[in-house]
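Shown next: target-v3.cif, containing mmCIF, C-alpha atoms.
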data_coords
loop_
_atom_site.group_PDB
_atom_site.id
_atom_site.type_symbol
_atom_site.label_atom_id
_atom_site.label_comp_id
_atom_site.auth_asym_id
_atom_site.auth_seq_id
_atom_site.Cartn_x
_atom_site.Cartn_y
_atom_site.Cartn_z
ATOM 1 C CA MET A 1 8.064 40.874 16.470
ATOM 2 C CA ALA A 2 8.432 41.238 12.697
ATOM 3 C CA ARG A 3 4.732 40.427 12.270
ATOM 4 C CA ILE A 4 3.733 43.119 14.789
ATOM 5 C CA ILE A 5 5.960 45.745 13.160
ATOM 6 C CA LEU A 6 4.731 44.874 9.661
ATOM 7 C CA ASP A 7 1.125 44.935 10.871
ATOM 8 C CA ARG A 8 1.645 48.406 12.361
ATOM 9 C CA PHE A 9 3.430 49.648 9.221
ATOM 10 C CA LEU A 10 0.530 48.503 7.008
ATOM 11 C CA GLN A 11 -2.012 50.122 9.366
ATOM 12 C CA ASP A 12 -0.168 53.439 9.170
ATOM 13 C CA LEU A 13 0.094 53.125 5.395
ATOM 14 C CA ASP A 14 -3.619 52.449 4.726
ATOM 15 C CA GLY A 15 -5.232 53.569 7.960
ATOM 16 C CA GLU A 16 -6.968 50.214 8.433
ATOM 17 C CA MET A 17 -6.132 46.722 9.670
ATOM 18 C CA PRO A 18 -4.383 44.599 7.016
ATOM 19 C CA SER A 19 -5.928 41.223 6.234
ATOM 20 C CA LYS A 20 -4.185 38.086 7.458
ATOM 21 C CA THR A 21 -3.745 37.021 3.837
ATOM 22 C CA VAL A 22 -1.865 40.218 2.956
ATOM 23 C CA LEU A 23 0.224 40.074 6.125
ATOM 24 C CA ASN A 24 1.156 36.399 5.616
ATOM 25 C CA SER A 25 1.985 36.886 1.946
ATOM 26 C CA MET A 26 4.362 39.745 2.827
ATOM 27 C CA LEU A 27 6.007 37.697 5.576
ATOM 28 C CA LYS A 28 6.532 34.830 3.123
ATOM 29 C CA GLU A 29 7.687 37.151 0.356
ATOM 30 C CA PRO A 30 9.179 40.312 1.927
ATOM 31 C CA SER A 31 9.882 41.841 -1.494
ATOM 32 C CA LEU A 32 6.131 42.670 -1.600
ATOM 33 C CA ILE A 33 6.622 45.175 1.241
ATOM 34 C CA PRO A 34 6.675 48.674 -0.297
ATOM 35 C CA ASP A 35 9.363 49.993 2.089
ATOM 36 C CA GLN A 36 12.744 48.534 1.012
ATOM 37 C CA ASN A 37 14.387 49.012 4.405
ATOM 38 C CA LEU A 38 11.534 47.278 6.239
ATOM 39 C CA SER A 39 11.482 44.568 3.563
ATOM 40 C CA ASN A 40 15.167 43.795 4.243
ATOM 41 C CA HIS A 41 14.629 43.673 8.015
ATOM 42 C CA ILE A 42 11.604 41.377 7.690
ATOM 43 C CA TYR A 43 13.611 39.117 5.384
ATOM 44 C CA GLN A 44 16.451 38.952 7.956
ATOM 45 C CA CYS A 45 13.950 38.110 10.708
ATOM 46 C CA THR A 46 12.487 35.194 8.748
ATOM 47 C CA ILE A 47 15.960 33.856 7.895
ATOM 48 C CA ASN A 48 17.262 34.098 11.475
ATOM 49 C CA ASP A 49 14.142 32.803 13.244
ATOM 50 C CA CYS A 50 14.869 29.255 14.419
ATOM 51 C CA CYS A 51 11.368 28.560 15.800
ATOM 52 C CA TYR A 52 8.691 30.212 13.658
ATOM 53 C CA GLY A 53 8.209 31.719 10.257
ATOM 54 C CA PRO A 54 7.954 30.539 6.662
ATOM 55 C CA LEU A 55 11.433 28.995 6.440
ATOM 56 C CA VAL A 56 10.976 26.947 9.611
ATOM 57 C CA ASP A 57 7.490 25.909 8.437
ATOM 58 C CA CYS A 58 9.009 24.596 5.196
ATOM 59 C CA ILE A 59 11.656 22.634 7.107
ATOM 60 C CA LYS A 60 9.062 21.127 9.470
ATOM 61 C CA HIS A 61 6.847 20.207 6.529
ATOM 62 C CA ALA A 62 9.762 18.534 4.708
ATOM 63 C CA ILE A 63 10.737 16.532 7.806
ATOM 64 C CA GLY A 64 7.110 15.480 8.266
ATOM 65 C CA GLN A 65 6.955 14.325 4.635
ATOM 66 C CA GLU A 66 10.197 12.339 5.038
ATOM 67 C CA HIS A 67 8.771 10.460 8.009
ATOM 68 C CA GLU A 68 5.520 9.715 6.188
ATOM 69 C CA VAL A 69 7.582 8.209 3.341
ATOM 70 C CA LEU A 70 9.562 6.223 5.920
ATOM 71 C CA LEU A 71 6.290 4.920 7.400
ATOM 72 C CA ARG A 72 4.966 3.878 3.973
ATOM 73 C CA ASP A 73 8.277 2.131 3.198
ATOM 74 C CA LYS A 74 8.137 0.202 6.494
ATOM 75 C CA LEU A 75 4.553 -0.881 5.771
ATOM 76 C CA LYS A 76 5.534 -2.032 2.268
ATOM 77 C CA GLU A 77 8.501 -4.004 3.695
ATOM 78 C CA ARG A 78 6.016 -5.863 5.896
ATOM 79 C CA ASN A 79 3.625 -6.397 2.935
ATOM 80 C CA LEU A 80 0.835 -4.581 4.766
ATOM 81 C CA SER A 81 -1.962 -3.247 2.573
ATOM 82 C CA PHE A 82 -2.873 0.376 3.299
ATOM 83 C CA LEU A 83 -4.339 3.601 1.983
ATOM 84 C CA ASP A 84 -2.430 6.825 2.548
ATOM 85 C CA GLU A 85 -3.809 10.280 3.278
ATOM 86 C CA ASN A 86 -3.793 11.350 -0.386
ATOM 87 C CA GLN A 87 -5.723 8.257 -1.495
ATOM 88 C CA LEU A 88 -8.254 8.802 1.293
ATOM 89 C CA ARG A 89 -8.746 12.448 0.292
ATOM 90 C CA THR A 90 -9.469 11.441 -3.308
ATOM 91 C CA MET A 91 -12.090 9.064 -1.885
ATOM 92 C CA GLY A 92 -13.802 12.055 -0.255
ATOM 93 C CA TYR A 93 -12.537 11.858 3.329
ATOM 94 C CA ASP A 94 -11.830 15.271 4.817
ATOM 95 C CA LYS A 95 -10.133 14.392 8.118
ATOM 96 C CA THR A 96 -7.814 11.422 7.800
ATOM 97 C CA PRO A 97 -4.833 9.875 9.530
ATOM 98 C CA ASP A 98 -1.665 9.364 7.486
ATOM 99 C CA ILE A 99 -2.411 5.652 6.989
ATOM 100 C CA ILE A 100 -5.496 3.433 7.093
ATOM 101 C CA LEU A 101 -4.642 -0.250 7.193
ATOM 102 C CA GLU A 102 -6.841 -2.270 4.858
ATOM 103 C CA VAL A 103 -6.287 -5.275 7.124
ATOM 104 C CA PRO A 104 -6.040 -4.417 10.834
ATOM 105 C CA VAL A 105 -2.969 -5.462 12.803
ATOM 106 C CA ALA A 106 -2.171 -6.041 16.454
ATOM 107 C CA VAL A 107 0.694 -4.216 18.153
ATOM 108 C CA GLU A 108 1.596 -5.289 21.673
ATOM 109 C CA GLY A 109 -1.821 -6.946 21.891
ATOM 110 C CA HIS A 110 -3.714 -3.831 20.779
ATOM 111 C CA ILE A 111 -5.695 -3.692 17.529
ATOM 112 C CA VAL A 112 -4.607 -0.961 15.098
ATOM 113 C CA HIS A 113 -6.709 0.254 12.150
ATOM 114 C CA TRP A 114 -4.842 3.507 11.426
ATOM 115 C CA ILE A 115 -1.396 5.050 11.930
ATOM 116 C CA GLU A 116 -0.497 8.707 12.362
ATOM 117 C CA SER A 117 3.115 9.835 11.861
ATOM 118 C CA LYS A 118 4.390 12.763 13.928
ATOM 119 C CA ALA A 119 7.916 13.936 13.138
ATOM 120 C CA SER A 120 8.157 15.674 16.491
ATOM 121 C CA PHE A 121 8.534 15.050 20.205
ATOM 122 C CA GLY A 122 5.251 14.300 21.963
ATOM 123 C CA ASP A 123 5.044 16.790 24.820
ATOM 124 C CA ASP A 124 1.992 17.229 27.019
ATOM 125 C CA HIS A 125 0.624 20.348 25.282
ATOM 126 C CA SER A 126 1.019 19.168 21.679
ATOM 127 C CA HIS A 127 -0.244 15.665 22.451
ATOM 128 C CA ARG A 128 -3.355 16.994 24.179
ATOM 129 C CA THR A 129 -4.012 19.258 21.176
ATOM 130 C CA TYR A 130 -3.545 16.347 18.739
ATOM 131 C CA LEU A 131 -5.848 14.144 20.834
ATOM 132 C CA ASN A 132 -8.644 16.707 20.723
ATOM 133 C CA GLU A 133 -8.188 17.901 17.142
ATOM 134 C CA GLN A 134 -7.135 14.672 15.394
ATOM 135 C CA PHE A 135 -6.728 11.381 17.234
ATOM 136 C CA TRP A 136 -10.201 11.059 18.820
ATOM 137 C CA SER A 137 -11.755 11.999 15.490
ATOM 138 C CA TYR A 138 -9.788 9.197 13.797
ATOM 139 C CA TRP A 139 -10.790 6.804 16.576
ATOM 140 C CA ASN A 140 -14.472 7.712 16.111
ATOM 141 C CA ARG A 141 -14.293 7.174 12.341
ATOM 142 C CA PHE A 142 -11.890 4.275 11.967
ATOM 143 C CA GLY A 143 -11.478 2.576 15.355
ATOM 144 C CA PRO A 144 -8.315 2.137 17.425
ATOM 145 C CA GLY A 145 -4.991 3.370 16.085
ATOM 146 C CA LEU A 146 -1.305 3.990 16.555
ATOM 147 C CA VAL A 147 0.575 7.291 16.775
ATOM 148 C CA ILE A 148 4.310 7.255 16.085
ATOM 149 C CA TYR A 149 6.196 10.182 17.640
ATOM 150 C CA TRP A 150 9.476 9.660 15.785
ATOM 151 C CA TYR A 151 11.408 11.906 18.184
ATOM 152 C CA GLY A 152 10.022 10.334 21.363
ATOM 153 C CA PHE A 153 7.311 11.338 23.800
ATOM 154 C CA ILE A 154 6.686 11.749 27.515
ATOM 155 C CA GLY A 155 6.001 8.216 28.760
ATOM 156 C CA GLU A 156 2.982 9.215 30.862
ATOM 157 C CA LEU A 157 1.145 10.301 27.702
ATOM 158 C CA ASP A 158 0.791 6.676 26.576
ATOM 159 C CA CYS A 159 -2.240 6.247 28.836
ATOM 160 C CA GLN A 160 -5.003 5.782 26.247
ATOM 161 C CA ARG A 161 -4.063 2.249 25.098
ATOM 162 C CA ASP A 162 -7.134 0.653 26.654
ATOM 163 C CA ARG A 163 -9.305 3.287 24.951
ATOM 164 C CA GLY A 164 -7.716 2.646 21.554
ATOM 165 C CA ILE A 165 -4.804 5.049 21.010
ATOM 166 C CA LEU A 166 -1.341 3.518 21.265
ATOM 167 C CA LEU A 167 1.867 5.598 21.250
ATOM 168 C CA LYS A 168 5.264 4.457 19.949
ATOM 169 C CA ASP A 169 8.546 6.221 19.149
ATOM 170 C CA CYS A 170 9.464 3.945 16.225
ATOM 171 C CA PHE A 171 7.847 1.609 13.752
ATOM 172 C CA PRO A 172 6.696 -1.438 15.770
ATOM 173 C CA THR A 173 8.603 -4.674 15.238
ATOM 174 C CA ASP A 174 5.978 -6.976 16.757
ATOM 175 C CA ILE A 175 3.136 -6.466 14.269
ATOM 176 C CA VAL A 176 0.673 -9.335 13.987
ATOM 177 C CA THR A 177 -1.646 -9.280 10.970
ATOM 178 C CA LEU A 178 -5.227 -10.081 11.874
ATOM 179 C CA CYS A 179 -7.636 -12.069 9.701
ATOM 180 C CA HIS A 180 -8.474 -10.790 6.220
ATOM 181 C CA PRO A 181 -11.855 -9.020 6.385
ATOM 182 C CA THR A 182 -14.525 -9.229 3.738
ATOM 183 C CA GLN A 183 -15.062 -6.130 1.584
ATOM 184 C CA GLN A 184 -18.043 -5.088 3.753
ATOM 185 C CA GLU A 185 -15.978 -5.327 6.956
ATOM 186 C CA ARG A 186 -13.135 -3.400 5.331
ATOM 187 C CA LEU A 187 -15.292 -0.304 4.757
ATOM 188 C CA PRO A 188 -15.215 2.362 7.473
ATOM 189 C CA GLU A 189 -18.289 2.371 9.716
ATOM 190 C CA SER A 190 -19.925 5.361 7.986
ATOM 191 C CA GLN A 191 -19.874 3.554 4.624
ATOM 192 C CA ASN A 192 -21.213 0.341 6.182
ATOM 193 C CA ARG A 193 -24.155 2.335 7.543
ATOM 194 C CA ASP A 194 -24.887 3.667 4.062
ATOM 195 C CA LYS A 195 -25.232 0.096 2.757
ATOM 196 C CA GLU A 196 -27.813 -0.829 5.436
#
Here is a file; write its structure as structure tokens.
Amino acid sequence: MARIILDRFLQDLDGEMPSKTVLNSMLKEPSLIPDQNLSNHIYQCTINDCCYGPLVDCIKHAIGQEHEVLLRDKLKERNLSFLDENQLRTMGYDKTPDIILEVPVAVEGHIVHWIESKASFGDDHSHRTYLNEQFWSYWNRFGPGLVIYWYGFIGELDCQRDRGILLKDCFPTDIVTLCHPTQQERLPESQNRDKE
């Protein structure tokens, strides 16, 4: 509601539609709004909103970061060699899971090359969105993988195991390290093709 009111206020002020950038910057920093009364109300809306808005986004981001650190710590405890999302980005990858395992593992009899951490509950809508926008892309680039929904998921969603996407609600305890690949085998498929 605050976004709609601010949008309308800015239209009346300038006579044209405000850009998303301007609108978002004012929602994140209400002191930029020229009307002090409206600025205070927008600020109160962002503080009191328990589902959306800049404050909630920051909290969600922080929780997501905490769980990614937890995942890295668990991998280090198991002495598993991996590359994280930041390392992969510096290598030039644009769309990456949180973790690429340098040596694949087996979890419950399924091979895992990558792990994605989700600090949320896996409901039908969000999982379907993640499948289409992230998980299948990872599968195409890196092979089969594991998604950890740290806050649980609807059991029926774990139906892609045979196609290469395994769901868990915690770090797996039954990890089996597979053989150590040669450097050529360790490269993602796109880099192997470049060498041919």
Surrounding residues of Ala2 in chain A excluding itself and chain neighbours under 4 positions, 7 Å, all atoms listed in the file, as a ChimeraX atom specification:
/A:6,42,45
Distance criterion (only C-alpha atoms): nearest to His113 in chain A out of A:Lys168, A:His61, A:Arg128, A:Thr177:
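Closest candidate: A:Thr177.
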Excluding Asp35 in chain A and residues on its chain fewer than 2 positions from it, collect all residues at most 12 Å away from it, counting all atoms listed in the file, and give them as a list in words.
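In the requested format, the answer is Leu6, Phe9, Leu10, Leu13, Met26, Pro30, Ser31, Leu32, Ile33, Asn37, Leu38, Ser39, Asn40, His41 and Ile42 of chain A.
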Keeping C-alpha atoms, export the residues of the selection given above as a short mmCIF file (atom, residue, chain, number, x, y, z; two decimals), keeping the file's coordinate frame.
data_model
loop_
_atom_site.label_atom_id
_atom_site.label_comp_id
_atom_site.auth_asym_id
_atom_site.auth_seq_id
_atom_site.Cartn_x
_atom_site.Cartn_y
_atom_site.Cartn_z
CA LEU A 6 4.73 44.87 9.66
CA PHE A 9 3.43 49.65 9.22
CA LEU A 10 0.53 48.50 7.01
CA LEU A 13 0.09 53.12 5.40
CA MET A 26 4.36 39.74 2.83
CA PRO A 30 9.18 40.31 1.93
CA SER A 31 9.88 41.84 -1.49
CA LEU A 32 6.13 42.67 -1.60
CA ILE A 33 6.62 45.18 1.24
CA ASN A 37 14.39 49.01 4.40
CA LEU A 38 11.53 47.28 6.24
CA SER A 39 11.48 44.57 3.56
CA ASN A 40 15.17 43.80 4.24
CA HIS A 41 14.63 43.67 8.02
CA ILE A 42 11.60 41.38 7.69
#
Please determine, counting all atoms listed in the file, which residue among A:Leu166, A:Asn24, A:Glu16, A:Lys74 has the shortest atom-to-atom distance to Gly109 in chain A.
A:Leu166
Applying the PyMOL selection byres ((chain A and resi 173) around 10) to the file I just gave you, which residues come out? Please list them as an mmCIF file with C-alpha atoms, keeping the file's coordinate frame.
data_model
loop_
_atom_site.group_PDB
_atom_site.id
_atom_site.type_symbol
_atom_site.label_atom_id
_atom_site.label_comp_id
_atom_site.auth_asym_id
_atom_site.auth_seq_id
_atom_site.Cartn_x
_atom_site.Cartn_y
_atom_site.Cartn_z
ATOM 1 C CA ARG A 78 6.016 -5.863 5.896
ATOM 2 C CA VAL A 107 0.694 -4.216 18.153
ATOM 3 C CA GLU A 108 1.596 -5.289 21.673
ATOM 4 C CA CYS A 170 9.464 3.945 16.225
ATOM 5 C CA PHE A 171 7.847 1.609 13.752
ATOM 6 C CA PRO A 172 6.696 -1.438 15.770
ATOM 7 C CA ASP A 174 5.978 -6.976 16.757
ATOM 8 C CA ILE A 175 3.136 -6.466 14.269
ATOM 9 C CA VAL A 176 0.673 -9.335 13.987
#
Excluding same-chain residues fewer than 3 positions from Ile115 in chain A, what lies within 9 Å of it counting all atoms listed in the file, as a PyMOL selection string?
chain A and resi 71+97-101+112+145-148
Restrict the selected residues to C-alpha atoms and save them as a JSON list (two decimals), in the frame of the given file.
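Printed below is out25.json as written:
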[["chain", "number", "residue", "atom", "x", "y", "z"],
["A", 71, "LEU", "CA", 6.29, 4.92, 7.40],
["A", 97, "PRO", "CA", -4.83, 9.88, 9.53],
["A", 98, "ASP", "CA", -1.66, 9.36, 7.49],
["A", 99, "ILE", "CA", -2.41, 5.65, 6.99],
["A", 100, "ILE", "CA", -5.50, 3.43, 7.09],
["A", 101, "LEU", "CA", -4.64, -0.25, 7.19],
["A", 112, "VAL", "CA", -4.61, -0.96, 15.10],
["A", 145, "GLY", "CA", -4.99, 3.37, 16.08],
["A", 146, "LEU", "CA", -1.30, 3.99, 16.56],
["A", 147, "VAL", "CA", 0.57, 7.29, 16.77],
["A", 148, "ILE", "CA", 4.31, 7.26, 16.08]]
Ground truth for the PyMOL selection byres ((chain A and resi 28) around 9), written as a PyMOL selection string
chain A and resi 23-27+29-30+43+46+53-55
Nearest residue to Lys60 in chain A from the set A:Met17, A:Gln134, A:Ser120, A:Gly152 (distances using all atoms listed in the file):
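Distance minimum relative to Lys60 in chain A lands on A:Ser120.
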Separation of CA of Ser126 in chain A from CA of Pro104 in chain A in Å:
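Atom-to-atom, CA of Pro104 in chain A and CA of Ser126 in chain A are spaced 26.9 Å apart.
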So the first atom is CA of Phe82 in chain A and the second is CA of Trp114 in chain A; what is the distance between them in Å, to one decimal place?
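These two atoms are separated by 8.9 Å.
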Out of A:Leu157, A:Ile165, A:Gly122, A:Lys20, which residue has the shortest atom-to-atom distance to Trp136 in chain A when counting only C-alpha atoms?
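Checking each candidate against Trp136 in chain A, we get A:Ile165 as the closest.
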For CA of Ala106 in chain A and CA of Leu178 in chain A, the interatomic separation in Å (one decimal):
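Pair CA of Ala106 in chain A / CA of Leu178 in chain A returns 6.8 Å.
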So which one's closest to Val69 in chain A, A:Glu85, A:Asp57, A:Asp49, A:Asp158? Using all atoms listed in the file, please.
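The closest residue to Val69 in chain A is A:Glu85.
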Can you work out which one of A:Glu102, A:Glu156, A:Asp123, A:Asp169 has the shortest atom-to-atom distance to Leu75 in chain A, counting all atoms listed in the file?
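Of all the options, A:Glu102 lies closest to Leu75 in chain A.
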How would range 61-93 of chain A read, as an mmCIF file, in the frame of the given file, once N, CA and C atoms are built in?
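Output file out-v8.cif is given in full below:
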data_model
loop_
_atom_site.group_PDB
_atom_site.id
_atom_site.type_symbol
_atom_site.label_atom_id
_atom_site.label_comp_id
_atom_site.auth_asym_id
_atom_site.auth_seq_id
_atom_site.Cartn_x
_atom_site.Cartn_y
_atom_site.Cartn_z
ATOM 1 N N HIS A 61 7.673 20.923 7.495
ATOM 2 C CA HIS A 61 6.847 20.207 6.529
ATOM 3 C C HIS A 61 7.668 19.131 5.810
ATOM 4 N N ALA A 62 8.893 19.490 5.405
ATOM 5 C CA ALA A 62 9.762 18.534 4.708
ATOM 6 C C ALA A 62 10.111 17.355 5.607
ATOM 7 N N ILE A 63 10.415 17.617 6.867
ATOM 8 C CA ILE A 63 10.737 16.532 7.806
ATOM 9 C C ILE A 63 9.520 15.644 8.015
ATOM 10 N N GLY A 64 8.346 16.254 8.123
ATOM 11 C CA GLY A 64 7.110 15.480 8.266
ATOM 12 C C GLY A 64 6.878 14.580 7.064
ATOM 13 N N GLN A 65 7.113 15.117 5.859
ATOM 14 C CA GLN A 65 6.955 14.325 4.635
ATOM 15 C C GLN A 65 7.943 13.163 4.598
ATOM 16 N N GLU A 66 9.184 13.401 5.003
ATOM 17 C CA GLU A 66 10.197 12.339 5.038
ATOM 18 C C GLU A 66 9.757 11.187 5.931
ATOM 19 N N HIS A 67 9.189 11.504 7.075
ATOM 20 C CA HIS A 67 8.771 10.460 8.009
ATOM 21 C C HIS A 67 7.526 9.725 7.521
ATOM 22 N N GLU A 68 6.672 10.402 6.778
ATOM 23 C CA GLU A 68 5.520 9.715 6.188
ATOM 24 C C GLU A 68 5.986 8.736 5.111
ATOM 25 N N VAL A 69 7.003 9.122 4.338
ATOM 26 C CA VAL A 69 7.582 8.209 3.341
ATOM 27 C C VAL A 69 8.224 7.022 4.049
ATOM 28 N N LEU A 70 8.945 7.294 5.135
ATOM 29 C CA LEU A 70 9.562 6.223 5.920
ATOM 30 C C LEU A 70 8.498 5.240 6.419
ATOM 31 N N LEU A 71 7.383 5.769 6.914
ATOM 32 C CA LEU A 71 6.290 4.920 7.400
ATOM 33 C C LEU A 71 5.739 4.057 6.266
ATOM 34 N N ARG A 72 5.483 4.656 5.115
ATOM 35 C CA ARG A 72 4.966 3.878 3.973
ATOM 36 C C ARG A 72 5.954 2.789 3.555
ATOM 37 N N ASP A 73 7.255 3.130 3.552
ATOM 38 C CA ASP A 73 8.277 2.131 3.198
ATOM 39 C C ASP A 73 8.278 0.960 4.187
ATOM 40 N N LYS A 74 8.161 1.262 5.465
ATOM 41 C CA LYS A 74 8.137 0.202 6.494
ATOM 42 C C LYS A 74 6.910 -0.692 6.311
ATOM 43 N N LEU A 75 5.767 -0.095 5.992
ATOM 44 C CA LEU A 75 4.553 -0.881 5.771
ATOM 45 C C LEU A 75 4.702 -1.778 4.542
ATOM 46 N N LYS A 76 5.316 -1.240 3.482
ATOM 47 C CA LYS A 76 5.534 -2.032 2.268
ATOM 48 C C LYS A 76 6.498 -3.182 2.537
ATOM 49 N N GLU A 77 7.558 -2.942 3.338
ATOM 50 C CA GLU A 77 8.501 -4.004 3.695
ATOM 51 C C GLU A 77 7.792 -5.164 4.386
ATOM 52 N N ARG A 78 6.776 -4.837 5.167
ATOM 53 C CA ARG A 78 6.016 -5.863 5.896
ATOM 54 C C ARG A 78 4.850 -6.418 5.083
ATOM 55 N N ASN A 79 4.713 -5.968 3.824
ATOM 56 C CA ASN A 79 3.625 -6.397 2.935
ATOM 57 C C ASN A 79 2.248 -6.127 3.530
ATOM 58 N N LEU A 80 2.123 -4.973 4.188
ATOM 59 C CA LEU A 80 0.835 -4.581 4.766
ATOM 60 C C LEU A 80 0.103 -3.680 3.772
ATOM 61 N N SER A 81 -1.146 -4.008 3.516
ATOM 62 C CA SER A 81 -1.962 -3.247 2.573
ATOM 63 C C SER A 81 -2.544 -2.019 3.290
ATOM 64 N N PHE A 82 -2.422 -0.853 2.648
ATOM 65 C CA PHE A 82 -2.873 0.376 3.299
ATOM 66 C C PHE A 82 -3.297 1.410 2.271
ATOM 67 N N LEU A 83 -4.007 2.412 2.755
ATOM 68 C CA LEU A 83 -4.339 3.601 1.983
ATOM 69 C C LEU A 83 -3.686 4.780 2.687
ATOM 70 N N ASP A 84 -3.038 5.664 1.906
ATOM 71 C CA ASP A 84 -2.430 6.825 2.548
ATOM 72 C C ASP A 84 -3.393 8.010 2.508
ATOM 73 N N GLU A 85 -2.978 9.081 3.123
ATOM 74 C CA GLU A 85 -3.809 10.280 3.278
ATOM 75 C C GLU A 85 -4.290 10.826 1.931
ATOM 76 N N ASN A 86 -3.413 10.835 0.935
ATOM 77 C CA ASN A 86 -3.793 11.350 -0.386
ATOM 78 C C ASN A 86 -4.864 10.483 -1.036
ATOM 79 N N GLN A 87 -4.720 9.162 -0.943
ATOM 80 C CA GLN A 87 -5.723 8.257 -1.495
ATOM 81 C C GLN A 87 -7.063 8.448 -0.795
ATOM 82 N N LEU A 88 -7.020 8.616 0.520
ATOM 83 C CA LEU A 88 -8.254 8.802 1.293
ATOM 84 C C LEU A 88 -8.938 10.113 0.920
ATOM 85 N N ARG A 89 -8.154 11.162 0.684
ATOM 86 C CA ARG A 89 -8.746 12.448 0.292
ATOM 87 C C ARG A 89 -9.436 12.342 -1.059
ATOM 88 N N THR A 90 -8.828 11.603 -2.007
ATOM 89 C CA THR A 90 -9.469 11.441 -3.308
ATOM 90 C C THR A 90 -10.750 10.625 -3.199
ATOM 91 N N MET A 91 -10.874 9.842 -2.123
ATOM 92 C CA MET A 91 -12.090 9.064 -1.885
ATOM 93 C C MET A 91 -13.153 9.901 -1.179
ATOM 94 N N GLY A 92 -12.814 11.164 -0.843
ATOM 95 C CA GLY A 92 -13.802 12.055 -0.255
ATOM 96 C C GLY A 92 -13.699 12.254 1.244
ATOM 97 N N TYR A 93 -12.705 11.654 1.888
ATOM 98 C CA TYR A 93 -12.537 11.858 3.329
ATOM 99 C C TYR A 93 -11.884 13.208 3.575
#
